[in-house]
Amino acid sequence: MVLRIGHRGASGYEPENTLLSFQRGLRLQVDLIELDVQVCSTGQVVVIHDAKVDRTTNGTGYVEEKSFRELRALDAGKWQKIPTLQEVLDIIDRKVKVNIEIKGEGASKLVFDIIEMYISKRGWEWDDFIISSFNHYELLEFNRLTSKVKIGAIIAGIPIGYAECAEKLNAYSLHPSKEFINKIMVDDAHKRGLKVFSYTLNEPEDIERIKSLGVDGIFSDFPDRI
Ligand code: G3P
Ligand code: MG
């Protein structure tokens, strides 16, 4: 069975990375929900994809330069606010597993503290989380904080050594883009004991093509199409 991963919630149906989008993902009974996090100037971990707020809200400027109060004044679509990581975890409430993608540099420690709190006080388990990033140095940092959380190495290319970079990180999974993925890489990852989750597949023919390579999971804005 290929895991159905709700990308930024179910962002084909609702504004990405908003509570509405995560609720929609839950209703579609995804196996895993993916979200992107960054840290704003006042230190809160917020759920938003781009470094700037321009594309997904009615504001302008960099997330890391804005206070939490400034970010909360913005409309992220359909009157939604940019949520905090904690608000999203509360909505998910352990119904499905969560893939937290670290976008902002230096977010590892703050994300780790939040996860640890949900484990010690709210009944979550380490296995409920996957931490991923394009920034593999950030993943190394996360690994230094704990080896109990699964690590997903995101790549957008076919590196020399195929899945070697993920193995070096002690990763659980390799997350290749649909543009750069082939059977050799998928087989190489499997030989190294890694799962393969590919992003971001929305067209039925793409989903079929990537499934045929033997991947273990697919990220989609329309997770019900998987
Ligand atoms: O984590 C998979 C995918 O979300 C990575 O790319 O740009 O959509 O965050 P992006
Ligand atoms: Mg992402």
# chains A, B, ... in the order shown; residues from 1 in each chain; ligands from 1

$ residues_near_ligand --ligand "ligand 1" --cutoff "10 Å" --atoms "only C-alpha atoms and all ligand atoms" --output "ChimeraX atom specification"
/A:5-8,33-37,48-50,99-103,131-134,152-156,175-177,197-200,218-221

$ select_by_dssp --residues "segment 47-200 of chain A" --states "strand (DSSP E or B)" --output "MDAnalysis selection string"
chainID A and resid 47 52 62 84 97:102 129:133 150:155 173:177 195:199

$ atom_distance --atom1 "atom CA of Thr56 of chain A" --atom2 "atom CA of Leu19 of chain A"
13.9 Å

$ closest_residue --among "A:Arg72, A:Lys66, A:Lys168, A:Lys81" --to "Asn17 of chain A" --atoms "only C-alpha atoms"
A:Lys81

$ residues_around --residues "segment 82-88 of chain A" --least-positions-apart "2" --cutoff "8 Å" --atoms "only C-alpha atoms" --output "PyMOL selection string"
chain A and resi 17-19+22+37+44-48+71-72+74-76+80+90-92+114

$ write_last_selection --atoms "all heavy atoms" --output "short mmCIF file (atom, residue, chain, number, x, y, z; two decimals), in the first residue's frame"
data_model
loop_
_atom_site.label_atom_id
_atom_site.label_comp_id
_atom_site.auth_asym_id
_atom_site.auth_seq_id
_atom_site.Cartn_x
_atom_site.Cartn_y
_atom_site.Cartn_z
N ASN A 17 -1.64 24.94 4.16
CA ASN A 17 -1.08 25.14 5.52
C ASN A 17 -1.99 25.94 6.44
O ASN A 17 -1.52 26.67 7.32
CB ASN A 17 0.30 25.81 5.45
CG ASN A 17 1.41 24.84 5.05
OD1 ASN A 17 1.38 23.67 5.41
ND2 ASN A 17 2.39 25.33 4.31
N THR A 18 -3.31 25.82 6.26
CA THR A 18 -4.25 26.45 7.20
C THR A 18 -5.00 25.34 7.93
O THR A 18 -5.03 24.19 7.48
CB THR A 18 -5.30 27.33 6.47
OG1 THR A 18 -6.08 26.48 5.60
CG2 THR A 18 -4.65 28.44 5.67
N LEU A 19 -5.64 25.71 9.03
CA LEU A 19 -6.41 24.71 9.78
C LEU A 19 -7.49 24.08 8.91
O LEU A 19 -7.75 22.88 9.01
CB LEU A 19 -7.01 25.33 11.05
CG LEU A 19 -5.98 25.86 12.08
CD1 LEU A 19 -6.69 26.35 13.34
CD2 LEU A 19 -4.94 24.81 12.44
N PHE A 22 -5.89 21.36 6.91
CA PHE A 22 -5.57 20.16 7.71
C PHE A 22 -6.84 19.39 8.08
O PHE A 22 -6.86 18.16 8.06
CB PHE A 22 -4.74 20.54 8.94
CG PHE A 22 -3.43 21.17 8.56
CD1 PHE A 22 -3.12 22.48 8.89
CD2 PHE A 22 -2.52 20.46 7.79
CE1 PHE A 22 -1.93 23.06 8.48
CE2 PHE A 22 -1.32 21.02 7.37
CZ PHE A 22 -1.04 22.33 7.73
N VAL A 37 7.27 24.50 8.33
CA VAL A 37 7.39 25.43 9.46
C VAL A 37 8.58 26.38 9.32
O VAL A 37 9.61 26.04 8.73
CB VAL A 37 7.49 24.72 10.84
CG1 VAL A 37 6.24 23.94 11.15
CG2 VAL A 37 8.73 23.84 10.93
N GLN A 44 7.97 32.30 17.63
CA GLN A 44 6.95 31.25 17.50
C GLN A 44 7.21 30.41 16.24
O GLN A 44 7.68 30.94 15.22
CB GLN A 44 5.54 31.86 17.41
CG GLN A 44 5.00 32.38 18.72
CD GLN A 44 5.50 33.79 19.05
OE1 GLN A 44 6.30 34.38 18.32
NE2 GLN A 44 5.01 34.34 20.14
N VAL A 45 6.87 29.13 16.32
CA VAL A 45 6.99 28.25 15.14
C VAL A 45 5.66 28.33 14.39
O VAL A 45 4.62 27.92 14.91
CB VAL A 45 7.29 26.80 15.57
CG1 VAL A 45 7.36 25.90 14.33
CG2 VAL A 45 8.61 26.74 16.34
N VAL A 46 5.73 28.88 13.18
CA VAL A 46 4.49 29.08 12.42
C VAL A 46 4.49 28.20 11.16
O VAL A 46 5.55 27.83 10.66
CB VAL A 46 4.30 30.58 12.03
CG1 VAL A 46 3.91 31.40 13.23
CG2 VAL A 46 5.54 31.15 11.36
N VAL A 47 3.28 27.91 10.71
CA VAL A 47 3.13 26.95 9.61
C VAL A 47 2.86 27.72 8.32
O VAL A 47 1.75 28.21 8.08
CB VAL A 47 1.98 25.95 9.94
CG1 VAL A 47 1.81 24.95 8.81
CG2 VAL A 47 2.29 25.23 11.25
N ILE A 48 3.89 27.84 7.53
CA ILE A 48 3.80 28.59 6.27
C ILE A 48 4.95 28.13 5.38
O ILE A 48 6.05 27.85 5.88
CB ILE A 48 3.81 30.12 6.51
CG1 ILE A 48 3.68 30.90 5.19
CG2 ILE A 48 5.03 30.58 7.31
CD1 ILE A 48 3.36 32.38 5.35
N LEU A 71 1.99 38.66 11.92
CA LEU A 71 1.59 37.52 11.08
C LEU A 71 0.13 37.17 11.28
O LEU A 71 -0.59 36.84 10.34
CB LEU A 71 2.47 36.30 11.39
CG LEU A 71 3.91 36.36 10.91
CD1 LEU A 71 4.66 35.11 11.36
CD2 LEU A 71 4.00 36.49 9.38
N ARG A 72 -0.30 37.24 12.53
CA ARG A 72 -1.69 36.86 12.85
C ARG A 72 -2.72 37.84 12.30
O ARG A 72 -3.91 37.52 12.24
CB ARG A 72 -1.86 36.74 14.36
CG ARG A 72 -1.15 35.55 14.91
CD ARG A 72 -1.76 34.27 14.44
NE ARG A 72 -2.49 33.64 15.49
CZ ARG A 72 -2.83 32.36 15.52
NH1 ARG A 72 -2.52 31.57 14.51
NH2 ARG A 72 -3.48 31.86 16.53
N LEU A 74 -2.73 38.78 9.31
CA LEU A 74 -2.87 38.53 7.87
C LEU A 74 -3.94 37.48 7.58
O LEU A 74 -4.22 36.62 8.41
CB LEU A 74 -1.52 38.03 7.30
CG LEU A 74 -0.33 38.96 7.51
CD1 LEU A 74 0.94 38.30 6.97
CD2 LEU A 74 -0.57 40.30 6.83
N ASP A 75 -4.48 37.57 6.38
CA ASP A 75 -5.46 36.58 5.92
C ASP A 75 -4.72 35.56 5.04
O ASP A 75 -4.17 35.92 4.00
CB ASP A 75 -6.56 37.30 5.13
CG ASP A 75 -7.61 36.34 4.60
OD1 ASP A 75 -7.53 35.13 4.89
OD2 ASP A 75 -8.51 36.81 3.87
N ALA A 76 -4.73 34.32 5.47
CA ALA A 76 -4.06 33.26 4.70
C ALA A 76 -5.02 32.58 3.73
O ALA A 76 -4.73 31.49 3.22
CB ALA A 76 -3.44 32.24 5.65
N GLN A 80 -8.64 32.60 7.04
CA GLN A 80 -7.80 31.78 7.93
C GLN A 80 -6.57 32.56 8.37
O GLN A 80 -6.04 33.39 7.63
CB GLN A 80 -7.34 30.52 7.19
CG GLN A 80 -8.45 29.57 6.85
CD GLN A 80 -8.98 28.89 8.09
OE1 GLN A 80 -8.30 28.12 8.74
NE2 GLN A 80 -10.22 29.20 8.43
N ASP A 90 -2.87 20.22 17.57
CA ASP A 90 -4.13 20.08 18.33
C ASP A 90 -5.27 19.62 17.43
O ASP A 90 -6.10 18.81 17.82
CB ASP A 90 -4.49 21.39 19.03
CG ASP A 90 -3.53 21.69 20.19
OD1 ASP A 90 -2.81 20.76 20.62
OD2 ASP A 90 -3.49 22.85 20.64
N ILE A 91 -5.31 20.16 16.21
CA ILE A 91 -6.35 19.76 15.25
C ILE A 91 -6.15 18.29 14.83
O ILE A 91 -7.09 17.51 14.73
CB ILE A 91 -6.26 20.65 13.97
CG1 ILE A 91 -6.76 22.06 14.24
CG2 ILE A 91 -6.98 20.03 12.79
CD1 ILE A 91 -8.25 22.18 14.08
N ILE A 92 -4.90 17.93 14.60
CA ILE A 92 -4.61 16.55 14.14
C ILE A 92 -4.87 15.56 15.28
O ILE A 92 -5.41 14.47 15.05
CB ILE A 92 -3.17 16.45 13.60
CG1 ILE A 92 -3.05 17.30 12.33
CG2 ILE A 92 -2.79 15.00 13.32
CD1 ILE A 92 -1.67 17.39 11.73
N ILE A 114 8.71 21.47 21.08
CA ILE A 114 7.26 21.31 20.94
C ILE A 114 6.89 19.82 20.87
O ILE A 114 5.99 19.35 21.57
CB ILE A 114 6.74 22.08 19.69
CG1 ILE A 114 6.88 23.59 19.93
CG2 ILE A 114 5.30 21.70 19.37
CD1 ILE A 114 6.68 24.44 18.69
#

$ atom_distance --atom1 "atom CA of Val30 of chain A" --atom2 "atom CA of Glu208 of chain A"
17.8 Å

$ atom_distance --atom1 "atom CA of Thr57 of chain A" --atom2 "atom CA of Leu20 of chain A"
14.6 Å

$ closest_residue --among "A:Ile151, A:Glu138, A:Ile207, A:Glu16" --to "ligand 2" --atoms "only C-alpha atoms and all ligand atoms"
A:Glu16

$ closest_residue --among "A:Ile119, A:Val98, A:Met185, A:Leu213" --to "ligand 2" --atoms "only C-alpha atoms and all ligand atoms"
A:Val98

$ closest_residue --among "A:Ile226, A:Val149, A:Ala51, A:Val186" --to "Ala163 of chain A" --atoms "only C-alpha atoms"
A:Val186

$ closest_residue --among "A:Glu179, A:Leu145, A:Ile160, A:Gly43" --to "Glu64 of chain A" --atoms "only C-alpha atoms"
A:Gly43

$ residues_around --residues "Lys183 of chain A" --least-positions-apart "5" --cutoff "12 Å" --atoms "only C-alpha atoms" --output "PyMOL selection string"
chain A and resi 158+162-163+176+178+188-190+196+209-215

$ closest_residue --among "A:Gly77, A:Gly9, A:Pro223, A:Gly106" --to "ligand 2" --atoms "only C-alpha atoms and all ligand atoms"
A:Gly9

$ select_by_dssp --residues "chain A" --states "helix (DSSP H, G or I)" --output "PyMOL selection string"
chain A and resi 19-27+63-65+68-72+85-92+108-121+126-128+136-145+164-168+183-191+204-211+223-225

$ residues_around --residues "Arg24 of chain A" --least-positions-apart "5" --cutoff "8 Å" --atoms "only C-alpha atoms" --output "number ranges by chain"
A: 9-10, 13-14
